[in-house]
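Shown next: final-v2.txt, containing compact mmCIF, C-alpha atoms (C1' of nucleotides).
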# COMPACT_ATOMS: atom_id res chain seq x y z
CA MET A 123 65.41 135.83 10.42
CA ALA A 124 68.59 135.31 12.31
CA ASN A 125 69.84 138.49 13.85
CA ILE A 126 73.38 139.75 13.79
CA ALA A 127 75.23 138.49 16.80
CA LYS A 128 76.00 141.61 18.77
CA PHE A 129 78.78 139.90 20.66
CA ASP A 130 81.00 136.94 19.85
CA ARG A 131 79.69 134.33 22.23
CA GLN A 132 82.70 132.04 21.94
CA GLU A 133 85.12 134.87 22.59
CA VAL A 134 83.11 135.97 25.61
CA ILE A 135 83.10 132.44 27.00
CA ASN A 136 86.85 132.14 26.44
CA LYS A 137 87.51 135.33 28.35
CA ALA A 138 85.16 134.28 31.13
CA THR A 139 86.86 130.89 31.30
CA ASN A 140 90.25 132.51 31.75
CA LEU A 141 89.04 134.78 34.52
CA TYR A 142 87.16 132.06 36.41
CA TRP A 143 90.11 129.73 35.97
CA LYS A 144 92.52 132.32 37.30
CA LYS A 145 90.55 133.63 40.27
CA GLY A 146 88.15 130.80 41.06
CA PHE A 147 84.38 130.88 41.30
CA HIS A 148 83.90 132.80 44.53
CA ALA A 149 86.67 135.35 44.06
CA THR A 150 85.38 136.29 40.61
CA SER A 151 82.66 138.93 40.87
CA MET A 152 80.16 139.79 38.17
CA ARG A 153 81.82 143.21 38.10
CA ASN A 154 85.13 141.55 37.27
CA LEU A 155 83.45 139.61 34.50
CA GLN A 156 81.70 142.71 33.16
CA ASP A 157 85.07 144.42 32.77
CA GLU A 158 86.79 141.35 31.32
CA ILE A 159 84.21 140.51 28.68
CA ASP A 160 83.02 144.09 28.09
CA MET A 161 79.32 143.46 28.56
CA ARG A 162 76.77 145.12 30.81
CA PRO A 163 74.91 143.13 33.48
CA GLY A 164 71.67 143.03 31.53
CA SER A 165 73.32 141.47 28.49
CA ILE A 166 75.22 138.94 30.54
CA TYR A 167 72.10 137.83 32.38
CA ALA A 168 70.10 137.70 29.15
CA ALA A 169 72.75 135.47 27.59
CA PHE A 170 73.79 133.26 30.49
CA GLY A 171 71.11 133.53 33.17
CA SER A 172 73.29 133.78 36.25
CA LYS A 173 76.80 133.66 37.63
CA ASP A 174 76.37 129.90 37.98
CA GLY A 175 75.09 129.59 34.42
CA LEU A 176 78.07 131.39 32.96
CA PHE A 177 80.42 129.36 35.11
CA LYS A 178 78.84 126.16 33.87
CA GLU A 179 79.43 127.25 30.28
CA THR A 180 83.06 127.98 31.04
CA LEU A 181 83.49 124.52 32.59
CA ARG A 182 82.12 123.00 29.39
CA ASN A 183 84.44 125.19 27.33
CA TYR A 184 87.46 124.30 29.47
CA THR A 185 86.80 120.60 29.15
CA ASP A 186 86.26 120.81 25.39
CA LEU A 187 89.53 122.69 25.00
CA GLY A 188 91.37 120.05 27.02
CA ILE A 189 89.94 117.19 24.99
CA ALA A 190 90.74 119.04 21.75
CA GLN A 191 94.28 119.59 22.99
CA LEU A 192 94.69 115.88 23.66
CA ALA A 193 93.38 115.12 20.16
CA HIS A 194 95.91 117.57 18.79
CA TYR A 195 98.77 115.69 20.45
CA LYS A 196 97.40 112.41 19.16
CA GLU A 197 97.49 113.74 15.61
CA GLN A 198 101.06 114.91 16.00
CA ASN A 199 102.34 111.65 17.50
CA SER A 200 102.15 108.22 15.93
CA SER A 201 102.61 106.82 19.41
CA PRO A 202 99.56 107.21 21.69
CA LEU A 203 101.76 106.94 24.77
CA GLU A 204 104.05 109.70 23.54
CA ALA A 205 101.02 111.85 22.77
CA LEU A 206 99.81 111.36 26.35
CA ARG A 207 103.23 112.20 27.72
CA ALA A 208 103.39 115.38 25.65
CA PHE A 209 99.91 116.30 26.82
CA VAL A 210 100.85 115.84 30.47
CA LYS A 211 104.04 117.85 30.07
CA ASN A 212 102.06 120.63 28.47
CA LEU A 213 99.61 120.70 31.38
CA VAL A 214 102.18 120.49 34.13
CA ILE A 215 105.07 122.51 32.73
CA ASP A 216 103.86 124.89 30.03
CA SER A 217 100.61 125.82 31.74
CA GLN A 218 102.52 127.34 34.65
CA ASP A 219 103.54 130.18 32.36
CA ASN A 220 101.03 130.21 29.49
CA ALA A 221 97.72 129.46 31.13
CA PRO A 222 95.64 131.63 33.46
CA ASN A 223 96.40 129.13 36.20
CA GLY A 224 98.81 126.24 36.57
CA ILE A 225 96.15 124.25 38.38
CA CYS A 226 93.49 122.36 36.46
CA MET A 227 90.30 124.39 36.50
CA LEU A 228 88.27 121.28 37.28
CA SER A 229 90.48 120.18 40.18
CA LYS A 230 90.48 123.70 41.48
CA THR A 231 86.71 123.83 41.36
CA ILE A 232 86.40 120.44 43.09
CA GLY A 233 88.55 121.85 45.85
CA GLU A 234 86.80 125.19 46.10
CA LEU A 235 83.11 124.36 46.01
CA THR A 236 81.00 122.68 48.66
CA GLU A 237 77.57 121.12 48.69
CA GLU A 238 76.23 124.67 48.62
CA ASN A 239 76.90 124.54 44.89
CA GLN A 240 76.04 120.91 44.38
CA GLU A 241 75.06 121.20 40.75
CA LEU A 242 78.27 122.90 39.70
CA LEU A 243 80.13 120.27 41.66
CA ASN A 244 78.30 117.48 39.83
CA VAL A 245 79.03 119.06 36.46
CA THR A 246 82.70 119.36 37.37
CA LYS A 247 82.93 115.73 38.45
CA ALA A 248 81.23 114.62 35.24
CA HIS A 249 83.76 116.56 33.18
CA LEU A 250 86.66 114.98 35.03
CA ALA A 251 85.10 111.61 34.27
CA GLU A 252 84.90 112.60 30.59
CA ILE A 253 88.59 113.38 30.53
CA LEU A 254 89.35 110.16 32.37
CA GLN A 255 87.55 108.31 29.61
CA GLU A 256 89.73 110.03 27.01
CA PHE A 257 92.74 108.73 28.90
CA VAL A 258 91.29 105.23 28.90
CA VAL A 259 90.87 105.37 25.13
CA ILE A 260 94.40 106.56 24.48
CA ILE A 261 95.85 103.97 26.84
CA GLU A 262 93.90 101.21 25.12
CA GLU A 263 95.29 102.43 21.81
CA ALA A 264 98.77 102.24 23.28
CA GLN A 265 98.02 98.69 24.39
CA GLN A 266 96.87 97.81 20.86
CA LYS A 267 100.19 99.08 19.56
CA GLY A 268 102.10 97.07 22.12
CA GLU A 269 103.40 100.11 23.99
CA ILE A 270 101.74 99.01 27.21
CA ASP A 271 101.16 95.55 28.62
CA LYS A 272 97.68 94.46 27.56
CA HIS A 273 97.07 92.72 30.87
CA LYS A 274 97.10 95.97 32.78
CA SER A 275 93.83 97.71 33.43
CA ALA A 276 93.46 100.76 31.19
CA GLU A 277 91.00 102.25 33.69
CA GLU A 278 93.46 102.00 36.56
CA LEU A 279 96.27 103.43 34.49
CA ALA A 280 94.01 106.30 33.47
CA ASN A 281 93.18 106.95 37.12
CA HIS A 282 96.86 106.96 37.88
CA VAL A 283 97.52 109.54 35.17
CA GLN A 284 94.80 111.79 36.49
CA ILE A 285 96.13 111.53 40.04
CA GLN A 286 99.64 112.35 38.86
CA ILE A 287 98.44 115.39 36.92
CA ALA A 288 96.56 116.73 39.94
CA GLY A 289 99.55 116.17 42.22
CA LEU A 290 102.14 117.51 39.82
CA ARG A 291 100.22 120.67 38.97
CA THR A 292 99.87 121.47 42.65
CA PHE A 293 103.55 120.75 43.20
CA ALA A 294 104.48 122.93 40.24
CA LYS A 295 102.82 125.89 41.94
CA ILE A 296 105.33 125.78 44.77
CA ASN A 297 108.35 124.40 42.95
CA ASN A 298 108.47 125.50 39.33
CA ASP A 299 111.70 123.73 38.44
CA LYS A 300 111.02 122.68 34.87
CA ASN A 301 113.86 120.16 34.75
CA LYS A 302 112.63 118.44 37.86
CA LEU A 303 109.04 118.40 36.60
CA ASN A 304 110.20 117.01 33.28
CA ASN A 305 112.08 114.21 35.02
CA LEU A 306 109.15 113.41 37.26
CA ILE A 307 106.89 113.02 34.25
CA ASP A 308 109.41 110.89 32.38
CA ASP A 309 109.72 108.69 35.47
CA MET A 310 105.97 108.40 35.59
CA PHE A 311 105.90 106.91 32.08
CA THR A 312 108.93 104.66 32.36
CA HIS A 313 108.31 103.07 35.74
CA TYR A 314 105.47 101.35 37.56
CA PRO A 315 102.62 101.14 36.86
CA PHE A 316 103.30 101.68 33.14
CA MET B 235 98.52 140.93 86.30
CA ALA B 236 97.30 138.47 83.72
CA ASN B 237 93.62 138.68 83.13
CA ILE B 238 91.22 135.81 82.90
CA ALA B 239 90.93 134.62 79.31
CA LYS B 240 87.35 135.37 78.37
CA PHE B 241 87.48 132.94 75.50
CA ASP B 242 89.54 129.82 74.85
CA ARG B 243 91.85 131.00 72.13
CA GLN B 244 92.90 127.52 71.05
CA GLU B 245 89.32 126.34 70.79
CA VAL B 246 88.39 129.39 68.76
CA ILE B 247 91.28 128.81 66.38
CA ASN B 248 90.33 125.16 66.02
CA LYS B 249 86.78 126.06 65.08
CA ALA B 250 87.97 128.75 62.68
CA THR B 251 90.39 126.28 61.13
CA ASN B 252 87.60 123.81 60.47
CA LEU B 253 85.39 126.42 58.85
CA TYR B 254 88.12 127.91 56.69
CA TRP B 255 89.27 124.43 55.73
CA LYS B 256 85.76 123.40 54.78
CA LYS B 257 84.65 126.49 52.87
CA GLY B 258 87.90 128.09 51.77
CA PHE B 259 89.14 131.60 52.39
CA HIS B 260 86.88 133.59 50.08
CA ALA B 261 83.67 131.67 50.72
CA THR B 262 84.04 132.06 54.48
CA SER B 263 82.56 135.35 55.64
CA MET B 264 83.28 137.04 58.93
CA ARG B 265 79.58 136.50 59.70
CA ASN B 266 80.07 132.76 59.23
CA LEU B 267 83.05 132.89 61.57
CA GLN B 268 81.16 134.94 64.17
CA ASP B 269 78.48 132.25 64.31
CA GLU B 270 80.95 129.37 64.32
CA ILE B 271 83.24 130.65 67.07
CA ASP B 272 80.55 132.57 68.97
CA MET B 273 82.37 135.86 69.16
CA ARG B 274 81.29 139.35 68.17
CA PRO B 275 83.17 141.30 65.46
CA GLY B 276 84.89 143.62 67.93
CA SER B 277 86.35 140.74 69.90
CA ILE B 278 87.52 138.92 66.81
CA TYR B 279 89.25 141.99 65.44
CA ALA B 280 90.81 142.78 68.82
CA ALA B 281 92.19 139.24 69.01
CA PHE B 282 93.18 138.57 65.41
CA GLY B 283 93.31 141.91 63.60
CA SER B 284 91.61 140.94 60.36
CA LYS B 285 90.16 138.13 58.29
CA ASP B 286 93.64 137.55 56.90
CA GLY B 287 95.16 137.53 60.37
CA LEU B 288 92.77 134.91 61.63
CA PHE B 289 93.30 132.86 58.50
CA LYS B 290 97.04 132.98 59.01
CA GLU B 291 96.61 131.65 62.55
CA THR B 292 94.47 128.81 61.28
CA LEU B 293 97.11 127.90 58.70
CA ARG B 294 99.67 127.72 61.49
CA ASN B 295 97.30 125.63 63.57
CA TYR B 296 96.54 123.30 60.68
CA THR B 297 100.21 122.70 59.98
CA ASP B 298 101.02 122.12 63.64
CA LEU B 299 98.23 119.59 63.89
CA GLY B 300 99.51 117.77 60.81
CA ILE B 301 103.05 117.61 62.13
CA ALA B 302 101.78 116.43 65.52
CA GLN B 303 99.73 113.77 63.79
CA LEU B 304 102.81 112.51 61.95
CA ALA B 305 104.72 112.43 65.24
CA HIS B 306 101.89 110.42 66.72
CA TYR B 307 102.18 107.79 64.00
CA LYS B 308 105.94 107.69 64.49
CA GLU B 309 105.45 106.91 68.17
CA GLN B 310 103.04 104.12 67.39
CA ASN B 311 105.19 102.48 64.72
CA SER B 312 108.71 101.18 65.21
CA SER B 313 109.07 101.42 61.43
CA PRO B 314 109.33 104.99 60.10
CA LEU B 315 108.12 103.85 56.69
CA GLU B 316 105.05 102.21 58.18
CA ALA B 317 104.36 105.34 60.20
CA LEU B 318 104.48 107.38 57.01
CA ARG B 319 102.20 104.96 55.25
CA ALA B 320 99.68 105.09 58.10
CA PHE B 321 99.86 108.88 58.05
CA VAL B 322 99.16 108.99 54.31
CA LYS B 323 96.26 106.57 54.62
CA ASN B 324 94.79 108.67 57.37
CA LEU B 325 95.00 111.81 55.22
CA VAL B 326 93.67 110.25 52.04
CA ILE B 327 91.09 107.80 53.33
CA ASP B 328 89.95 108.76 56.83
CA SER B 329 89.91 112.51 56.22
CA GLN B 330 87.23 112.09 53.57
CA ASP B 331 84.76 111.30 56.35
CA ASN B 332 86.27 112.69 59.55
CA ALA B 333 87.79 115.97 58.51
CA PRO B 334 86.08 119.21 57.46
CA ASN B 335 87.47 118.63 53.99
CA GLY B 336 89.15 115.73 52.25
CA ILE B 337 91.52 118.11 50.53
CA CYS B 338 94.61 119.39 52.31
CA MET B 339 93.92 122.89 53.58
CA LEU B 340 97.31 124.07 52.35
CA SER B 341 96.88 122.63 48.83
CA LYS B 342 93.40 124.05 48.69
CA THR B 343 94.69 127.47 49.68
CA ILE B 344 97.50 127.30 47.10
CA GLY B 345 94.83 126.61 44.52
CA GLU B 346 92.40 129.24 45.68
CA LEU B 347 94.51 132.32 46.32
CA THR B 348 96.22 134.55 43.79
CA GLU B 349 98.87 137.22 44.03
CA GLU B 350 96.14 139.45 45.47
CA ASN B 351 96.84 137.65 48.74
CA GLN B 352 100.55 137.22 48.27
CA GLU B 353 101.43 137.09 51.95
CA LEU B 354 98.93 134.34 52.76
CA LEU B 355 100.24 132.50 49.72
CA ASN B 356 103.81 132.78 50.96
CA VAL B 357 102.84 131.55 54.41
CA THR B 358 101.05 128.59 52.86
CA LYS B 359 104.03 127.65 50.71
CA ALA B 360 106.33 127.90 53.71
CA HIS B 361 104.11 125.54 55.67
CA LEU B 362 104.09 123.01 52.85
CA ALA B 363 107.88 123.22 52.87
CA GLU B 364 107.84 122.56 56.62
CA ILE B 365 105.82 119.42 56.13
CA LEU B 366 108.06 118.36 53.28
CA GLN B 367 110.99 118.61 55.67
CA GLU B 368 109.20 116.34 58.13
CA PHE B 369 108.87 113.80 55.33
CA VAL B 370 112.58 114.11 54.57
CA VAL B 371 113.41 113.38 58.21
CA ILE B 372 111.19 110.33 58.43
CA ILE B 373 112.51 108.98 55.14
CA GLU B 374 116.09 109.43 56.31
CA GLU B 375 115.19 107.52 59.45
CA ALA B 376 113.79 104.74 57.29
CA GLN B 377 117.05 104.73 55.33
CA GLN B 378 119.00 104.44 58.59
CA LYS B 379 116.93 101.40 59.47
CA GLY B 380 117.52 99.85 56.07
CA GLU B 381 113.88 100.15 54.99
CA ILE B 382 114.79 102.31 52.02
CA ASP B 383 117.85 102.27 49.78
CA LYS B 384 120.32 104.81 51.18
CA HIS B 385 121.41 105.86 47.71
CA LYS B 386 118.04 107.34 46.92
CA SER B 387 117.51 111.02 47.54
CA ALA B 388 115.36 111.55 50.62
CA GLU B 389 114.35 114.97 49.29
CA GLU B 390 113.08 113.54 46.03
CA LEU B 391 111.20 110.78 47.79
CA ALA B 392 109.64 113.36 50.09
CA ASN B 393 108.57 115.40 47.06
CA HIS B 394 107.06 112.29 45.58
CA VAL B 395 105.08 111.61 48.75
CA GLN B 396 103.72 115.16 48.80
CA ILE B 397 102.71 114.96 45.13
CA GLN B 398 100.94 111.65 45.71
CA ILE B 399 99.06 113.01 48.71
CA ALA B 400 97.86 116.03 46.72
CA GLY B 401 96.80 113.87 43.80
CA LEU B 402 95.15 111.15 45.87
CA ARG B 403 93.17 113.56 48.05
CA THR B 404 91.78 115.24 44.94
CA PHE B 405 90.98 111.86 43.42
CA ALA B 406 89.30 110.74 46.63
CA LYS B 407 86.86 113.62 46.31
CA ILE B 408 85.43 112.17 43.12
CA ASN B 409 86.00 108.47 43.73
CA ASN B 410 85.73 107.58 47.40
CA ASP B 411 86.35 103.87 46.97
CA LYS B 412 88.33 103.09 50.13
CA ASN B 413 89.60 99.76 48.86
CA LYS B 414 90.95 101.32 45.72
CA LEU B 415 92.54 104.18 47.65
CA ASN B 416 94.10 101.71 50.05
CA ASN B 417 95.58 99.71 47.19
CA LEU B 418 96.88 102.84 45.49
CA ILE B 419 98.71 103.86 48.66
CA ASP B 420 100.11 100.37 49.19
CA ASP B 421 101.35 100.39 45.59
CA MET B 422 102.95 103.75 46.20
CA PHE B 423 105.07 102.32 49.02
CA THR B 424 105.96 98.99 47.43
CA HIS B 425 106.91 100.14 43.93
CA TYR B 426 109.10 102.75 42.32
CA PRO B 427 110.47 105.08 43.52
CA PHE B 428 110.55 103.49 46.99
C1' DA C 262 57.83 156.34 7.34
C1' DT C 263 55.98 153.28 10.65
C1' DT C 264 55.71 149.52 13.35
C1' DA C 265 57.63 145.37 15.32
C1' DT C 266 61.35 142.87 17.08
C1' DA C 267 65.96 142.01 19.01
C1' DC C 268 69.28 143.39 21.72
C1' DT C 269 71.94 146.58 24.89
C1' DT C 270 72.21 149.73 28.65
C1' DG C 271 73.22 151.26 33.41
C1' DA C 272 70.97 153.06 37.47
C1' DG C 273 69.89 150.97 41.30
C1' DC C 274 67.58 147.12 44.22
C1' DG C 275 68.08 144.48 48.73
C1' DA C 276 71.55 141.82 50.77
C1' DT C 277 75.90 141.00 52.42
C1' DC C 278 80.83 142.11 52.65
C1' DG C 279 84.99 143.31 56.03
C1' DT C 280 85.57 146.43 59.50
C1' DT C 281 85.15 150.14 63.24
C1' DC C 282 84.15 152.28 67.56
C1' DA C 283 81.42 154.30 71.30
C1' DC C 284 79.72 151.95 74.97
C1' DG C 285 78.73 148.32 78.56
C1' DT C 286 80.39 144.88 81.57
C1' DT C 287 83.59 142.61 84.40
C1' DG C 288 87.47 142.03 87.40
C1' DT C 289 91.40 144.30 89.86
C1' DT C 290 93.62 147.75 92.76
C1' DC C 291 94.05 150.80 96.56
C1' DG D 159 83.58 151.79 97.01
C1' DA D 160 85.82 154.65 93.74
C1' DA D 161 88.86 154.59 89.99
C1' DC D 162 91.02 152.04 86.55
C1' DA D 163 92.18 148.66 83.18
C1' DA D 164 90.82 144.95 80.25
C1' DC D 165 87.78 142.88 77.48
C1' DG D 166 83.35 141.98 75.09
C1' DT D 167 79.32 144.01 72.56
C1' DG D 168 76.55 144.99 68.50
C1' DA D 169 74.77 148.82 65.77
C1' DA D 170 76.23 150.64 61.85
C1' DC D 171 79.68 152.37 58.25
C1' DG D 172 80.99 152.56 53.22
C1' DA D 173 81.83 149.25 49.75
C1' DT D 174 80.62 145.61 47.08
C1' DC D 175 77.78 141.55 46.11
C1' DG D 176 74.49 139.12 42.44
C1' DC D 177 70.93 140.60 39.92
C1' DT D 178 66.59 143.22 37.73
C1' DC D 179 64.12 146.04 34.68
C1' DA D 180 62.35 150.28 32.57
C1' DA D 181 64.24 152.70 29.03
C1' DG D 182 67.08 153.30 24.92
C1' DT D 183 69.07 151.94 20.39
C1' DA D 184 69.57 149.42 16.26
C1' DT D 185 67.91 146.46 12.66
C1' DA D 186 64.16 144.21 9.93
C1' DA D 187 59.65 143.85 8.00
C1' DT D 188 55.72 146.23 6.06

Would you mind giving the structure from this file in structure tokens?
Amino acid sequence: MANIAKFDRQEVINKATNLYWKKGFHATSMRNLQDEIDMRPGSIYAAFGSKDGLFKETLRNYTDLGIAQLAHYKEQNSSPLEALRAFVKNLVIDSQDNAPNGICMLSKTIGELTEENQELLNVTKAHLAEILQEFVVIIEEAQQKGEIDKHKSAEELANHVQIQIAGLRTFAKINNDKNKLNNLIDDMFTHYPF
Amino acid sequence: MANIAKFDRQEVINKATNLYWKKGFHATSMRNLQDEIDMRPGSIYAAFGSKDGLFKETLRNYTDLGIAQLAHYKEQNSSPLEALRAFVKNLVIDSQDNAPNGICMLSKTIGELTEENQELLNVTKAHLAEILQEFVVIIEEAQQKGEIDKHKSAEELANHVQIQIAGLRTFAKINNDKNKLNNLIDDMFTHYPF
DNA sequence: ATTATACTTGAGCGATCGTTCACGTTGTTC
DNA sequence: GAACAACGTGAACGATCGCTCAAGTATAAT
């Protein structure tokens, strides 16, 4: 017989994601997490195994949320390219105020961790590759619709988008001028290499 | 009377810079630093005051080294624009192997720290602004020499360069294809907005 | 009611954190 | 060579780290 879930696992993971995203892996203590998700150490370790294990689940959650968000913009826009633009603007501009951290949790983790946490690093890289692939798909759709030159490499354009997002989100942390950020993103979609 | 320096302050700061740069602020313990710079806690605290104090000195050191490096490339190139390009290639491509960390120490710190370390965050932002100003100067010199359209805003171009560096260095961490990175940087200098 | 099972609890483990300070050593001064 | 100043030393402080586990509580099955 299935037992009553004593805690809402998804809600716990969401809260843990936000805290890890905000403070980073090393600066987030299990004490901090205990307070944030309102669970005692024993329960946390029974459910997630370790600090690393919980972090890995939050990385998965973060990536799923990002991919779902991109799908959301695709549904709302008939144009794949416009959907991508809206997605990027949301990440770079809106996230500075709404999200736990303006920086991408995956980029931040790539920057923070070393080979001492090789497995978490590998997971993070794999998730970034997943998102890259989503960009490839949406760019190929835009090419099908004639919004982008079909002769251009969708993979290279996707790389370019990911580089711009990483750069812009870092920049936004020191210069949160929304008009400027908006213009930079518009430029990105109206000039080379698009 | 000045006493004999019992330790080489500059060498100690260099070693501390490399460790902080590699591991980040939170993941670097004072024990780690003691081993790396071969000093006992009392001496470190007498010389630098605190973990924060030493970190602040390494940020200053890192920024000075970067500015000196840019000056070096300016001396070696008659063209300011080529000097800037060589500087960027060095940061993005060579640093992946040579340096303690492929990521810029300042960007990494911006990503890692929160308002809990507001002063270190402010120092870091100020240093990024310093480097931005160096880019403005070199771009203005390139405009004087007719290498860049004088009607373009040197400040905006400098911002663009800093954003590209942040994005490319993150990208290089997951895809260290030197040919691709080289092409991306060449594209950056031969297409919009340059 | 009793037993079995599932889940939570929180005191506390050994280790490590950033930091301090009484003390030892070294070099200078008179 | 005695006194002093300057610096380095490392044991050890209280706090916190990630984590464990014996005990407690709640629900389900008999």

Task: For CA of Gly224 (chain A) and CA of Lys295 (chain A), the interatomic separation in Å (one decimal) - done: 6.7 Å

Open item on the list: Given only C-alpha atoms (C1' of nucleotides) as the basis, pick out the residue of D:DA180, D:DA160, D:DA187, D:DA173 nearest to DA272 (chain C).
Closed with: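 That would be D:DA180, the residue with the smallest distance to DA272 (chain C).
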
TODO: Rank nothing, just name the residue among B:Glu381, B:Glu375, B:Asp420, B:Glu350 nearest to chain A, using only C-alpha atoms.
DONE: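 Selected residue with least distance to chain A: B:Glu350.
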
Task: Residue nearest chain B - candidates A:Asp216, A:Asp299, A:Glu158, A:Glu234, atoms counted: only C-alpha atoms - done: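 Result for the nearest residue to chain B: A:Glu234.
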
TODO: For CA of Thr251 (chain B) and CA of Arg291 (chain A), quote the distance in Å rounded to one decimal.
DONE: 24.9 Å

Task: Among listed residues A:Met310, A:Leu243, A:Leu192, A:Ala205, nearest Phe177 (chain A) (using only C-alpha atoms) - done: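 Result for the nearest residue to Phe177 (chain A): A:Leu243.
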
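The interatomic distance for the pair CA of Lys359 (chain B) and CA of Phe293 (chain A) works out to 10.2 Å.
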
Task: Polymer residues at most 10 Å from (66.7, 144.6, 47.5) by only C-alpha atoms (C1' of nucleotides), as number ranges by chain - done: C: 273-276; D: 177-178

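Taking only C-alpha atoms into account, Asn311 (chain B) lies nearest to B:Ile372 out of the set B:Ala333, B:Ile372, B:Ile247, B:Ala392.
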
TODO: Give the answer as one residue: which of B:Ser284, B:Thr424, B:Ser341, B:Ser263 has the shortest atom-to-atom distance to chain A, using all atoms listed in the file?
DONE: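 Closest residue, counting all atoms listed in the file: B:Ser341.
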
With 9 Å as the limit and counting all atoms listed in the file, what residues in chain D lie close to chain A? Please list them as an mmCIF file with C-alpha atoms (C1' of nucleotides), in the frame of the given file.
data_model
loop_
_atom_site.group_PDB
_atom_site.id
_atom_site.type_symbol
_atom_site.label_atom_id
_atom_site.label_comp_id
_atom_site.auth_asym_id
_atom_site.auth_seq_id
_atom_site.Cartn_x
_atom_site.Cartn_y
_atom_site.Cartn_z
ATOM 1 C "C1'" DC D 175 77.780 141.550 46.110
ATOM 2 C "C1'" DG D 176 74.490 139.120 42.440
ATOM 3 C "C1'" DC D 177 70.930 140.600 39.920
ATOM 4 C "C1'" DT D 178 66.590 143.220 37.730
ATOM 5 C "C1'" DC D 179 64.120 146.040 34.680
ATOM 6 C "C1'" DT D 185 67.910 146.460 12.660
ATOM 7 C "C1'" DA D 186 64.160 144.210 9.930
#

Open item on the list: With 12 Å as the threshold, what does the neighbourhood of (87.6, 114.5, 45.2) contain in terms of residues, counting all atoms listed in the file? Coordinates are those of the file; answer as a PyMOL selection string.
Closed with: (chain A and resi 228-236+243-244+246-248+250-251+284-285+288) or (chain B and resi 326-327+329-331+335-338+342+400-411+415)

TODO: Could you please select, counting all atoms listed in the file, the residues of chain C within 10 Å of chain A and state them as number ranges by chain?
DONE: C: 267-271

- [ ] Could you give me, as a ChimeraX atom specification, the residues within 10 Å of DA163 (chain D), counting all atoms listed in the file and dropping anything in the same chain fewer than 3 positions from it?
- [x] /C:288-290
